[in-house]
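A.B. asks: Below you will find the structure I want to go over with you.
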Amino acid sequence: MADPRSRFTRGWWFLAPGLVLMTLIVSVPLLMAFRYSVHRVFLYRFDEQTFLGLANYLRAIRDPLYVNALKVTTLFTLGCLVLSIVLGLLVAFALSSREVRLRPAWLALFLIPFVVTPVVAGIAWRFFMWQQEFGVINQVLGVFGGPDPYWLLERETALIAAIVSNSWHLTPLAILVFYAALTTIPDELFDAGKTDGAGPMQSLWYIVLPMLRPHMLFVSIIVITSAFREFDMIWSLTGGGPGRATTVLSIFAYDRGIANQDMGMGNSIAFSMFVIMAVAAWIYITVYRRVLEHEE
Amino acid sequence: MKLHTLRLAALAAAAAFASQAAAQDITLRWALHPGAEADAVVDYFAPKYEEETGIKVIGEILPAAQLRDQMAIEAIGDTDRWDMGYHSPGWFGTFAPHVLDLTPLIEKHGFDVNAYPDLVINSHMTSSAREGEYIALPTPPAAPMLIHRADWFSHPEEQAAFEKEFGRALEVPKTFKELREVAGFFTRDAGEMLAGQELERDLYGWTDALGAGVGITRSFIVVLYSTGVSGWDDSFQPDIGHPIVNEAAEYFTDLAKNTAPREAQNWGFLEGLEMFRDGRLAMATMWPQGVGIVETEGGDAAGNVGYSTLPVWEGNLAGFTQGTPFLGGGGVFIFDTPNADEAFKFLKWMLQDNEVEWGKRSLQFSRKAHFQSEELRTLRPFYKDYLPTFEQVLQSVFIRQGIPEYGAVMWGGATDYITDVYSGDLTPEQAQERWVANMTEAFKAAGYLE
């Protein structure tokens, strides 16, 4: 039997290829982004880089457009989080019911949005769903005598439309994880609940939710990080408009870094997103773990 | 003697073969902007040139939104990926250090610079970033015009109604003030009458593509330049602080919000012209690439499209006598690669030796011969009206400055400005103050201002 020290060393050898790849793929661009973020770098004067310290960050924080983008990003992320988790839970719970027939077909159907490229999904939602005159949503609302708003052109509704469209894309992930987790809950628990008179909603609340908390943490982290950096879906839906109603941080970073070719400012915005996300994820995981530990 | 002749013949054959083989080894690569002109290169001119010379030309059509940045990255990296690139005067500052001075090639191969109108030469062949040189050849220089429904404008009922309301004849607007009035006159709800017929759907007086970012910026900046503003003067002092800028923004916001369809706020380039084609618009600002859309056979507008230059901004600072958009569209520059000479020969063959064919295939017109060619004027029924108007449009266009900061300070600045004015997030004065401050700061950072 190998001694613990040699097992430890061998473990590192197994990890090494992955770590090297991670370093190359993740760390190098990250460090380069940080480097640019503390320099004045314009794409058109790439060889003339001046060290600025944190000046780009200070300029960004003082810019009302950055503050607006941060606010929009936060609302967008929270909206996607709530909608994806709630819908994911409900669909997974419904699918796990014994009465459901053709379950694999339903699962496959619900997974389709996840495999659609966000740009394509955005264009499809823009033209087929949210379009004012012929879009499915207004057609359905029309049947009930509802209004027919310009969803993507009103400041009040554009962000909601973006949240719904992006949640449509993210919910399948939640369905998949929750459904897999639900299959691990022993049937006896549901049977016991039924014996005690619990209906479907009570089973969901008192049995399913407590059992799914670790999985909710996982899904939440994925949804938050995905929504926080979302670009393509919003870009193809609204281009960040109307006005700046859907200009999230990634679009703002693109605007400054690519459209204006100010790579220093663009990278400082992008790097600030990384820092915000890292801190938020750390707080979220820490608090969630403590809650779980406390309950155990 | 016989042997000598044979040897010479063999040598000549070998030389010809070698030259052909060498020619076949040359592949010219061109980064192209999507459009009819790119299709013409890829589908017609490149294969024909290869057939004639053995030199292969690969046209790589890049997505419009990525073209500048992809070319810039390759140019900065000095990768020689492309021998020729799409030239937009607004972008040229980025490429100025990387492209060839074409002057020696123009002289060597006998390219006639004067075949182009003066403003096209100033805008698309020269640049303040490379004084005294020719840096590109024009391919499809473009500037917008005003189109209108000629049949509705000439309808007796419409004329009478307009005269009753405004006390003057219904005519194509000559000023921006008139444009607003006429656009308002034609903006009607479904159920109202138009030219003796009941409208089944809403009708709009005017439109342009007004989508967030590029769309609304392109549309507004056309009005802005018509006021005679340049962005900055020769000593890099911003002139966008002038009150006329805010007048233009307020005018534009009023026009767009009250006479254009709401959908226009989600439209990119040319997207709204289908609505004109389908008979739901009385007027539109049209870039030349859109003429095929509005004149689509079987469309409601086909054969009834009137063409005119953009209206003049009364009291403009530059004394313009017609609307003065920036000269957009583009040209082609040559990167400093070993194939530069062959690339120029190809361009000369395509643009000069086949100039009318280039016009026919690309459906874009820039050379004096294009406007004089009877063959082109009769190529499509509407060209007899369209071509002279486009020629007139090219008489008064704004030439964008060739500094690298143009995109950030003028285009990006205009985007921020009009976005905030249009949405009401800022007053015109607040947005203007920020624009001037940002421009000044950028010029200081670049060393143009102390």
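Numbering starts fresh at 1 for the residues of each chain in the structure tokens, the chains themselves are lettered A, B, ... in the order given, and ligands are numbered from 1 as they appear.
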From a DSSP calculation on the backbone, collect every residue of segment 37-260 of chain A in strand (DSSP E or B) and output the set as a PyMOL selection string.
C.D. replies: chain A and resi 39-40+42+50-51
A.B. asks: Residues as selected, N, CA, C and O atoms, written as a PDB file, in the first residue's frame, can you do that?
C.D. replies:
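And here is the file that came out, out.pdb:
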```pdb
ATOM      1  N   HIS A  39      -4.133  50.187 -17.835  1.00  0.00           N
ATOM      2  CA  HIS A  39      -3.375  50.974 -18.815  1.00  0.00           C
ATOM      3  C   HIS A  39      -4.328  51.769 -19.700  1.00  0.00           C
ATOM      4  O   HIS A  39      -5.499  51.418 -19.837  1.00  0.00           O
ATOM      5  N   ARG A  40      -3.827  52.818 -20.301  1.00  0.00           N
ATOM      6  CA  ARG A  40      -4.563  53.457 -21.394  1.00  0.00           C
ATOM      7  C   ARG A  40      -4.176  52.711 -22.665  1.00  0.00           C
ATOM      8  O   ARG A  40      -3.035  52.800 -23.129  1.00  0.00           O
ATOM      9  N   PHE A  42      -5.644  51.900 -26.535  1.00  0.00           N
ATOM     10  CA  PHE A  42      -6.623  52.005 -27.604  1.00  0.00           C
ATOM     11  C   PHE A  42      -6.204  51.038 -28.701  1.00  0.00           C
ATOM     12  O   PHE A  42      -5.006  50.903 -28.989  1.00  0.00           O
ATOM     13  N   THR A  50      -0.062  53.379 -21.745  1.00  0.00           N
ATOM     14  CA  THR A  50       0.396  54.161 -20.606  1.00  0.00           C
ATOM     15  C   THR A  50      -0.218  53.599 -19.332  1.00  0.00           C
ATOM     16  O   THR A  50      -1.434  53.367 -19.288  1.00  0.00           O
ATOM     17  N   PHE A  51       0.628  53.406 -18.322  1.00  0.00           N
ATOM     18  CA  PHE A  51       0.117  52.879 -17.057  1.00  0.00           C
ATOM     19  C   PHE A  51      -0.710  53.949 -16.346  1.00  0.00           C
ATOM     20  O   PHE A  51      -0.274  55.081 -16.180  1.00  0.00           O
TER      21      PHE A  51
END
```
A.B. asks: Where does segment 391-413 of chain B meet segment 144-165 of chain B within 12 Å, residue by residue, with the nearest atom pair and distance in Å to one decimal for each, counting only C-alpha atoms, listed by chain and rising number, as JSON lines?
C.D. replies:
```
{"residue": "B:Glu391", "atom": "CA", "partner": "B:Met145", "partner_atom": "CA", "distance": 10.6}
{"residue": "B:Gln392", "atom": "CA", "partner": "B:Met145", "partner_atom": "CA", "distance": 9.6}
{"residue": "B:Val393", "atom": "CA", "partner": "B:Met145", "partner_atom": "CA", "distance": 6.8}
{"residue": "B:Leu394", "atom": "CA", "partner": "B:Pro144", "partner_atom": "CA", "distance": 9.4}
{"residue": "B:Ser396", "atom": "CA", "partner": "B:Pro144", "partner_atom": "CA", "distance": 11.1}
{"residue": "B:Val397", "atom": "CA", "partner": "B:Pro144", "partner_atom": "CA", "distance": 9.7}
{"residue": "B:Phe398", "atom": "CA", "partner": "B:Pro144", "partner_atom": "CA", "distance": 11.8}
```
A.B. asks: Emit the selected residues as a short mmCIF file (atom, residue, chain, number, x, y, z; two decimals), in the first residue's frame, including N, CA and C atoms.
C.D. replies:
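This went into result-v5.cif:
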```cif
data_model
loop_
_atom_site.label_atom_id
_atom_site.label_comp_id
_atom_site.auth_asym_id
_atom_site.auth_seq_id
_atom_site.Cartn_x
_atom_site.Cartn_y
_atom_site.Cartn_z
N GLU B 391 -26.05 60.96 -58.11
CA GLU B 391 -24.92 61.80 -58.55
C GLU B 391 -24.98 63.16 -57.83
N GLN B 392 -26.21 63.67 -57.70
CA GLN B 392 -26.38 64.96 -57.02
C GLN B 392 -26.10 64.84 -55.53
N VAL B 393 -26.49 63.71 -54.94
CA VAL B 393 -26.21 63.49 -53.51
C VAL B 393 -24.70 63.60 -53.26
N LEU B 394 -23.94 63.03 -54.18
CA LEU B 394 -22.48 63.00 -54.00
C LEU B 394 -21.83 64.39 -54.14
N SER B 396 -22.68 66.95 -52.32
CA SER B 396 -22.62 67.61 -51.02
C SER B 396 -22.66 66.56 -49.92
N VAL B 397 -21.49 66.11 -49.55
CA VAL B 397 -21.37 65.09 -48.50
C VAL B 397 -20.27 65.49 -47.54
N PHE B 398 -20.39 65.03 -46.30
CA PHE B 398 -19.37 65.36 -45.31
C PHE B 398 -18.24 64.34 -45.38
#
```
A.B. asks: Please return, as a list of chain:residue names, all residues of chain A lying within 6 Å of chain B when only C-alpha atoms are considered.
C.D. replies: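 The contacting residues on chain A are A:Tyr44, A:Gly239, A:Gly241, A:Gly243, A:Asn260.
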A.B. asks: Which residues, written as number ranges by chain, have at least one atom at most 6 Å from segment 330-337 of chain B, with only C-alpha atoms counted and residues fewer than 3 positions away on the same chain left out?
C.D. replies: B: 83-88, 99-100, 136-141, 340
A.B. asks: Excluding segment 28-33 of chain B and any residue of its chain fewer than 3 positions from it, enumerate the residues within 7 Å of it, using only C-alpha atoms, and give them as a JSON list (two decimals) with all heavy atoms, in the first residue's frame.
C.D. replies:
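around-v1.json, freshly written:
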```json
[["chain", "number", "residue", "atom", "x", "y", "z"],
["B", 38, "ALA", "N", -19.82, 42.83, -52.71],
["B", 38, "ALA", "CA", -19.02, 41.67, -52.28],
["B", 38, "ALA", "C", -19.44, 40.44, -53.08],
["B", 38, "ALA", "O", -18.60, 39.64, -53.51],
["B", 38, "ALA", "CB", -19.21, 41.43, -50.79],
["B", 56, "LYS", "N", -5.58, 33.63, -58.33],
["B", 56, "LYS", "CA", -6.79, 33.34, -57.56],
["B", 56, "LYS", "C", -7.08, 34.52, -56.62],
["B", 56, "LYS", "O", -6.18, 35.05, -55.98],
["B", 56, "LYS", "CB", -6.54, 32.07, -56.74],
["B", 56, "LYS", "CG", -7.77, 31.42, -56.19],
["B", 56, "LYS", "CD", -7.36, 30.10, -55.53],
["B", 56, "LYS", "CE", -8.54, 29.40, -54.87],
["B", 56, "LYS", "NZ", -9.54, 28.94, -55.81],
["B", 57, "VAL", "N", -8.35, 34.91, -56.57],
["B", 57, "VAL", "CA", -8.76, 35.97, -55.63],
["B", 57, "VAL", "C", -9.81, 35.38, -54.70],
["B", 57, "VAL", "O", -10.84, 34.90, -55.15],
["B", 57, "VAL", "CB", -9.36, 37.18, -56.38],
["B", 57, "VAL", "CG1", -9.76, 38.27, -55.39],
["B", 57, "VAL", "CG2", -8.37, 37.74, -57.39],
["B", 58, "ILE", "N", -9.49, 35.43, -53.42],
["B", 58, "ILE", "CA", -10.45, 34.90, -52.44],
["B", 58, "ILE", "C", -11.07, 36.08, -51.68],
["B", 58, "ILE", "O", -10.38, 36.81, -50.98],
["B", 58, "ILE", "CB", -9.78, 33.93, -51.45],
["B", 58, "ILE", "CG1", -9.23, 32.72, -52.21],
["B", 58, "ILE", "CG2", -10.75, 33.50, -50.36],
["B", 58, "ILE", "CD1", -8.50, 31.73, -51.34],
["B", 59, "GLY", "N", -12.35, 36.25, -51.89],
["B", 59, "GLY", "CA", -13.06, 37.30, -51.17],
["B", 59, "GLY", "C", -13.69, 36.71, -49.93],
["B", 59, "GLY", "O", -14.51, 35.80, -50.02],
["B", 60, "GLU", "N", -13.28, 37.21, -48.78],
["B", 60, "GLU", "CA", -13.84, 36.69, -47.53],
["B", 60, "GLU", "C", -14.85, 37.71, -47.01],
["B", 60, "GLU", "O", -14.45, 38.81, -46.59],
["B", 60, "GLU", "CB", -12.70, 36.49, -46.53],
["B", 60, "GLU", "CG", -13.04, 35.52, -45.43],
["B", 60, "GLU", "CD", -11.86, 35.28, -44.51],
["B", 60, "GLU", "OE1", -10.70, 35.35, -44.96],
["B", 60, "GLU", "OE2", -12.09, 35.06, -43.33],
["B", 61, "ILE", "N", -16.11, 37.37, -47.08],
["B", 61, "ILE", "CA", -17.16, 38.32, -46.64],
["B", 61, "ILE", "C", -17.35, 38.15, -45.14],
["B", 61, "ILE", "O", -17.77, 37.10, -44.67],
["B", 61, "ILE", "CB", -18.48, 38.06, -47.39],
["B", 61, "ILE", "CG1", -18.24, 38.17, -48.91],
["B", 61, "ILE", "CG2", -19.55, 39.05, -46.95],
["B", 61, "ILE", "CD1", -19.44, 37.81, -49.76],
["B", 62, "LEU", "N", -17.02, 39.22, -44.40],
["B", 62, "LEU", "CA", -17.10, 39.15, -42.93],
["B", 62, "LEU", "C", -18.39, 39.83, -42.46],
["B", 62, "LEU", "O", -18.88, 40.74, -43.12],
["B", 62, "LEU", "CB", -15.90, 39.86, -42.32],
["B", 62, "LEU", "CG", -14.54, 39.29, -42.71],
["B", 62, "LEU", "CD1", -13.43, 40.20, -42.21],
["B", 62, "LEU", "CD2", -14.36, 37.91, -42.13],
["B", 64, "ALA", "N", -20.74, 42.43, -40.98],
["B", 64, "ALA", "CA", -20.50, 43.88, -40.93],
["B", 64, "ALA", "C", -20.05, 44.33, -39.54],
["B", 64, "ALA", "O", -19.16, 45.17, -39.40],
["B", 64, "ALA", "CB", -21.76, 44.62, -41.36],
["B", 67, "LEU", "N", -16.31, 43.35, -38.97],
["B", 67, "LEU", "CA", -15.32, 43.59, -40.02],
["B", 67, "LEU", "C", -14.15, 44.46, -39.54],
["B", 67, "LEU", "O", -12.98, 44.11, -39.66],
["B", 67, "LEU", "CB", -16.03, 44.23, -41.21],
["B", 67, "LEU", "CG", -15.19, 44.55, -42.44],
["B", 67, "LEU", "CD1", -14.57, 43.30, -43.01],
["B", 67, "LEU", "CD2", -16.05, 45.21, -43.51],
["B", 82, "TRP", "N", -4.80, 39.21, -45.00],
["B", 82, "TRP", "CA", -5.46, 39.74, -46.19],
["B", 82, "TRP", "C", -4.52, 40.67, -46.95],
["B", 82, "TRP", "O", -3.74, 41.40, -46.33],
["B", 82, "TRP", "CB", -6.72, 40.52, -45.81],
["B", 82, "TRP", "CG", -7.79, 39.66, -45.23],
["B", 82, "TRP", "CD1", -8.44, 38.65, -45.85],
["B", 82, "TRP", "CD2", -8.34, 39.74, -43.90],
["B", 82, "TRP", "NE1", -9.37, 38.08, -45.00],
["B", 82, "TRP", "CE2", -9.32, 38.73, -43.80],
["B", 82, "TRP", "CE3", -8.11, 40.54, -42.79],
["B", 82, "TRP", "CZ2", -10.06, 38.51, -42.65],
["B", 82, "TRP", "CZ3", -8.84, 40.33, -41.64],
["B", 82, "TRP", "CH2", -9.81, 39.32, -41.58],
["B", 83, "ASP", "N", -4.61, 40.65, -48.27],
["B", 83, "ASP", "CA", -3.86, 41.61, -49.08],
["B", 83, "ASP", "C", -4.66, 42.89, -49.26],
["B", 83, "ASP", "O", -4.10, 43.97, -49.43],
["B", 83, "ASP", "CB", -3.57, 41.01, -50.47],
["B", 83, "ASP", "CG", -2.80, 39.71, -50.35],
["B", 83, "ASP", "OD1", -1.67, 39.76, -49.82],
["B", 83, "ASP", "OD2", -3.33, 38.65, -50.73],
["B", 84, "MET", "N", -5.99, 42.75, -49.26],
["B", 84, "MET", "CA", -6.86, 43.91, -49.45],
["B", 84, "MET", "C", -7.89, 43.93, -48.33],
["B", 84, "MET", "O", -8.35, 42.87, -47.87],
["B", 84, "MET", "CB", -7.59, 43.81, -50.80],
["B", 84, "MET", "CG", -6.68, 43.88, -52.00],
["B", 84, "MET", "SD", -7.53, 43.39, -53.52],
["B", 84, "MET", "CE", -7.50, 41.62, -53.41],
["B", 85, "GLY", "N", -8.26, 45.14, -47.92],
["B", 85, "GLY", "CA", -9.23, 45.25, -46.84],
["B", 85, "GLY", "C", -10.29, 46.27, -47.17],
["B", 85, "GLY", "O", -10.10, 47.15, -48.03],
["B", 86, "TYR", "N", -11.43, 46.15, -46.49],
["B", 86, "TYR", "CA", -12.53, 47.10, -46.70],
["B", 86, "TYR", "C", -12.15, 48.43, -46.06],
["B", 86, "TYR", "O", -11.78, 48.50, -44.89],
["B", 86, "TYR", "CB", -13.81, 46.55, -46.07],
["B", 86, "TYR", "CG", -14.99, 47.49, -46.20],
["B", 86, "TYR", "CD1", -15.73, 47.51, -47.37],
["B", 86, "TYR", "CD2", -15.35, 48.34, -45.16],
["B", 86, "TYR", "CE1", -16.81, 48.38, -47.50],
["B", 86, "TYR", "CE2", -16.43, 49.20, -45.28],
["B", 86, "TYR", "CZ", -17.15, 49.21, -46.46],
["B", 86, "TYR", "OH", -18.22, 50.06, -46.58],
["B", 339, "ASN", "N", 2.04, 40.62, -52.02],
["B", 339, "ASN", "CA", 1.14, 40.57, -53.18],
["B", 339, "ASN", "C", 0.57, 41.94, -53.55],
["B", 339, "ASN", "O", -0.35, 42.01, -54.39],
["B", 339, "ASN", "CB", -0.05, 39.64, -52.88],
["B", 339, "ASN", "CG", 0.38, 38.18, -52.82],
["B", 339, "ASN", "OD1", 1.39, 37.82, -53.43],
["B", 339, "ASN", "ND2", -0.35, 37.38, -52.09],
["B", 343, "ALA", "N", -2.31, 42.76, -56.28],
["B", 343, "ALA", "CA", -3.63, 43.17, -55.77],
["B", 343, "ALA", "C", -4.08, 44.43, -56.48],
["B", 343, "ALA", "O", -5.25, 44.55, -56.89],
["B", 343, "ALA", "CB", -3.56, 43.39, -54.27]]
```
A.B. asks: Atom CA of Pro261 of chain B to atom CA of Ser308 of chain B: how many Å, to one decimal?
C.D. replies: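 Pair atom CA of Pro261 of chain B / atom CA of Ser308 of chain B returns 21.8 Å.
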A.B. asks: I'd like the interatomic distance between atom CA of Asp254 of chain B and atom CA of Gln131 of chain A, to a tenth of an Å.
C.D. replies: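 Rounded to one decimal, the two atoms are 23.8 Å apart.
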A.B. asks: Tell me which of B:Met439, B:Ile221, B:Met193, B:Leu379 sits closest to Pro325 of chain B, counting only C-alpha atoms.
C.D. replies: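 The answer is B:Ile221, which sits nearest to Pro325 of chain B.
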A.B. asks: Would you list the contacts of segment 263-267 of chain A as a PyMOL selection string, taking every protein, DNA or RNA residue within 7 Å and counting only C-alpha atoms, but skipping same-chain residues closer than 4 positions in sequence?
C.D. replies: chain A and resi 33-34+36-43+56+253-254+256-257+271
A.B. asks: Using the chain letters and numbers from this document, which residues of segment 31-152 of chain A does DSSP assign to alpha helix (DSSP H), as a ChimeraX atom specification?
C.D. replies: /A:31-37,55-62,64-95,103-115,118-124,136-143
A.B. asks: Any chance you can output those residues with C-alpha atoms as a tab-separated table (two decimals), in the first residue's frame?
C.D. replies:
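Result saved to result29.tsv:
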```
chain	number	residue	atom	x	y	z
A	31	LEU	CA	-4.17	38.52	-16.24
A	32	MET	CA	-3.92	40.18	-19.64
A	33	ALA	CA	-7.36	41.70	-19.16
A	34	PHE	CA	-6.25	43.03	-15.78
A	35	ARG	CA	-3.09	44.41	-17.30
A	36	TYR	CA	-5.02	46.27	-20.00
A	37	SER	CA	-7.49	47.52	-17.43
A	55	ALA	CA	-7.88	55.45	-13.12
A	56	ASN	CA	-9.97	53.43	-15.58
A	57	TYR	CA	-11.86	51.84	-12.70
A	58	LEU	CA	-12.46	55.21	-11.07
A	59	ARG	CA	-13.69	56.65	-14.37
A	60	ALA	CA	-16.05	53.71	-14.77
A	61	ILE	CA	-17.46	53.94	-11.26
A	62	ARG	CA	-18.05	57.68	-11.63
A	64	PRO	CA	-23.59	57.16	-14.55
A	65	LEU	CA	-23.79	54.85	-17.58
A	66	TYR	CA	-21.71	52.23	-15.73
A	67	VAL	CA	-23.92	52.55	-12.66
A	68	ASN	CA	-27.00	52.18	-14.87
A	69	ALA	CA	-25.51	49.08	-16.55
A	70	LEU	CA	-24.72	47.55	-13.14
A	71	LYS	CA	-28.29	48.19	-12.00
A	72	VAL	CA	-29.75	46.66	-15.18
A	73	THR	CA	-27.41	43.66	-14.90
A	74	THR	CA	-28.42	43.06	-11.28
A	75	LEU	CA	-32.14	43.20	-12.10
A	76	PHE	CA	-31.64	40.98	-15.13
A	77	THR	CA	-29.65	38.40	-13.12
A	78	LEU	CA	-32.12	38.31	-10.23
A	79	GLY	CA	-35.06	38.03	-12.63
A	80	CYS	CA	-33.45	35.12	-14.48
A	81	LEU	CA	-32.52	33.44	-11.21
A	82	VAL	CA	-36.02	33.54	-9.75
A	83	LEU	CA	-37.78	32.58	-12.98
A	84	SER	CA	-35.41	29.74	-13.89
A	85	ILE	CA	-35.44	28.19	-10.42
A	86	VAL	CA	-39.21	28.44	-9.97
A	87	LEU	CA	-40.03	27.15	-13.46
A	88	GLY	CA	-37.32	24.50	-13.27
A	89	LEU	CA	-38.66	23.21	-9.98
A	90	LEU	CA	-42.27	23.13	-11.11
A	91	VAL	CA	-41.53	21.36	-14.38
A	92	ALA	CA	-39.15	18.86	-12.78
A	93	PHE	CA	-41.65	18.14	-10.05
A	94	ALA	CA	-44.45	17.66	-12.58
A	95	LEU	CA	-42.25	15.40	-14.74
A	103	ARG	CA	-41.32	11.04	-19.83
A	104	PRO	CA	-38.16	10.82	-22.02
A	105	ALA	CA	-39.97	12.64	-24.82
A	106	TRP	CA	-41.04	15.42	-22.46
A	107	LEU	CA	-37.54	15.69	-21.08
A	108	ALA	CA	-36.08	15.94	-24.57
A	109	LEU	CA	-38.64	18.59	-25.47
A	110	PHE	CA	-37.81	20.69	-22.41
A	111	LEU	CA	-34.11	20.46	-23.18
A	112	ILE	CA	-34.40	22.00	-26.64
A	113	PRO	CA	-34.08	25.64	-25.49
A	114	PHE	CA	-30.79	24.83	-23.79
A	115	VAL	CA	-29.17	23.63	-27.01
A	118	PRO	CA	-28.53	32.30	-27.62
A	119	VAL	CA	-28.19	34.56	-30.67
A	120	VAL	CA	-30.60	32.40	-32.64
A	121	ALA	CA	-32.92	32.22	-29.65
A	122	GLY	CA	-32.81	36.01	-29.31
A	123	ILE	CA	-33.66	36.57	-32.95
A	124	ALA	CA	-36.45	33.99	-32.79
A	136	VAL	CA	-47.25	34.92	-30.42
A	137	ILE	CA	-47.45	36.70	-27.07
A	138	ASN	CA	-49.62	39.56	-28.30
A	139	GLN	CA	-51.72	37.14	-30.35
A	140	VAL	CA	-52.42	35.15	-27.19
A	141	LEU	CA	-53.09	38.31	-25.19
A	142	GLY	CA	-55.42	39.44	-27.97
A	143	VAL	CA	-57.55	36.31	-27.57
```
A.B. asks: Can you pull out the residues contacting Gln237 of chain B? Cut-off 10 Å, using only C-alpha atoms, and skip same-chain residues under 5 positions away; I want them as a list in words.
C.D. replies: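 The contact residues come out as Gly231, Trp232, Val436, Met439, Thr440, Phe443, Tyr448 and Leu449 of chain B.
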A.B. asks: Please write the residues from the selection above to a file, keeping N, CA and C atoms, as a CSV table (one decimal), in the first residue's frame.
C.D. replies:
```csv
chain,number,residue,atom,x,y,z
B,231,GLY,N,-17.8,68.4,-35.9
B,231,GLY,CA,-17.3,67.7,-34.8
B,231,GLY,C,-16.3,68.5,-34.1
B,232,TRP,N,-15.3,69.0,-34.8
B,232,TRP,CA,-14.2,69.8,-34.3
B,232,TRP,C,-13.6,70.6,-35.4
B,436,VAL,N,-19.1,67.1,-25.2
B,436,VAL,CA,-18.0,68.0,-25.4
B,436,VAL,C,-16.8,67.6,-24.4
B,439,MET,N,-15.1,64.5,-25.6
B,439,MET,CA,-14.2,64.7,-26.8
B,439,MET,C,-13.0,65.5,-26.4
B,440,THR,N,-13.1,66.5,-25.6
B,440,THR,CA,-11.9,67.3,-25.2
B,440,THR,C,-10.9,66.4,-24.5
B,443,PHE,N,-9.1,64.2,-26.9
B,443,PHE,CA,-8.1,64.9,-27.7
B,443,PHE,C,-6.9,65.3,-26.9
B,448,TYR,N,-3.6,66.0,-29.0
B,448,TYR,CA,-4.0,67.1,-30.0
B,448,TYR,C,-4.2,68.4,-29.3
B,449,LEU,N,-4.7,68.3,-28.0
B,449,LEU,CA,-4.9,69.5,-27.2
B,449,LEU,C,-4.0,69.4,-26.0
```
A.B. asks: Find the residues around segment 187-197 of chain A up to 10 Å (only C-alpha atoms counted), leave out those fewer than 5 positions away in its own chain, and share them as an MDAnalysis selection string.
C.D. replies: chainID A and resid 182 202:204 206:208
A.B. asks: Hey, can you spit out that residue selection with all heavy atoms as a tab-separated table (two decimals), in the first residue's frame?
C.D. replies:
```
chain	number	residue	atom	x	y	z
A	182	LEU	N	-34.57	14.72	-8.03
A	182	LEU	CA	-35.86	14.19	-7.55
A	182	LEU	C	-35.90	12.67	-7.62
A	182	LEU	O	-36.54	12.03	-6.80
A	182	LEU	CB	-36.99	14.79	-8.39
A	182	LEU	CG	-37.44	16.18	-7.99
A	182	LEU	CD1	-38.35	16.78	-9.05
A	182	LEU	CD2	-38.17	16.14	-6.66
A	202	GLN	N	-47.96	20.63	-1.07
A	202	GLN	CA	-47.34	20.42	0.25
A	202	GLN	C	-46.13	19.48	0.14
A	202	GLN	O	-45.12	19.68	0.82
A	202	GLN	CB	-48.37	19.86	1.22
A	202	GLN	CG	-49.34	20.95	1.69
A	202	GLN	CD	-50.59	20.38	2.30
A	202	GLN	OE1	-51.17	19.42	1.76
A	202	GLN	NE2	-51.02	20.96	3.41
A	203	SER	N	-46.24	18.48	-0.75
A	203	SER	CA	-45.10	17.58	-0.98
A	203	SER	C	-43.92	18.38	-1.51
A	203	SER	O	-42.77	18.19	-1.10
A	203	SER	CB	-45.46	16.50	-1.99
A	203	SER	OG	-46.44	15.67	-1.48
A	204	LEU	N	-44.26	19.30	-2.44
A	204	LEU	CA	-43.19	20.12	-3.02
A	204	LEU	C	-42.52	20.96	-1.94
A	204	LEU	O	-41.30	21.05	-1.87
A	204	LEU	CB	-43.79	21.02	-4.12
A	204	LEU	CG	-42.84	21.98	-4.81
A	204	LEU	CD1	-41.84	21.22	-5.65
A	204	LEU	CD2	-43.60	22.95	-5.72
A	206	TYR	N	-42.69	20.71	1.54
A	206	TYR	CA	-42.13	20.10	2.76
A	206	TYR	C	-41.16	18.94	2.49
A	206	TYR	O	-40.39	18.56	3.35
A	206	TYR	CB	-43.26	19.61	3.67
A	206	TYR	CG	-44.06	20.76	4.25
A	206	TYR	CD1	-45.36	21.03	3.82
A	206	TYR	CD2	-43.49	21.60	5.22
A	206	TYR	CE1	-46.08	22.09	4.34
A	206	TYR	CE2	-44.21	22.66	5.74
A	206	TYR	CZ	-45.49	22.91	5.30
A	206	TYR	OH	-46.19	23.96	5.81
A	207	ILE	N	-41.26	18.33	1.31
A	207	ILE	CA	-40.37	17.19	1.03
A	207	ILE	C	-39.31	17.56	-0.02
A	207	ILE	O	-38.12	17.42	0.22
A	207	ILE	CB	-41.18	15.96	0.54
A	207	ILE	CG1	-42.19	15.56	1.62
A	207	ILE	CG2	-40.25	14.80	0.21
A	207	ILE	CD1	-43.19	14.51	1.15
A	208	VAL	N	-39.83	18.06	-1.16
A	208	VAL	CA	-38.91	18.26	-2.28
A	208	VAL	C	-37.91	19.39	-2.01
A	208	VAL	O	-36.69	19.21	-2.13
A	208	VAL	CB	-39.70	18.56	-3.58
A	208	VAL	CG1	-38.77	18.95	-4.71
A	208	VAL	CG2	-40.50	17.33	-3.98
```
A.B. asks: With only C-alpha atoms as the atoms that count, which of A:Ala280, A:Arg101, A:Ile175, A:Val291 lies nearest to Pro210 of chain A?
C.D. replies: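 Looking only at the distances to Pro210 of chain A, the closest residue turns out to be A:Val291.
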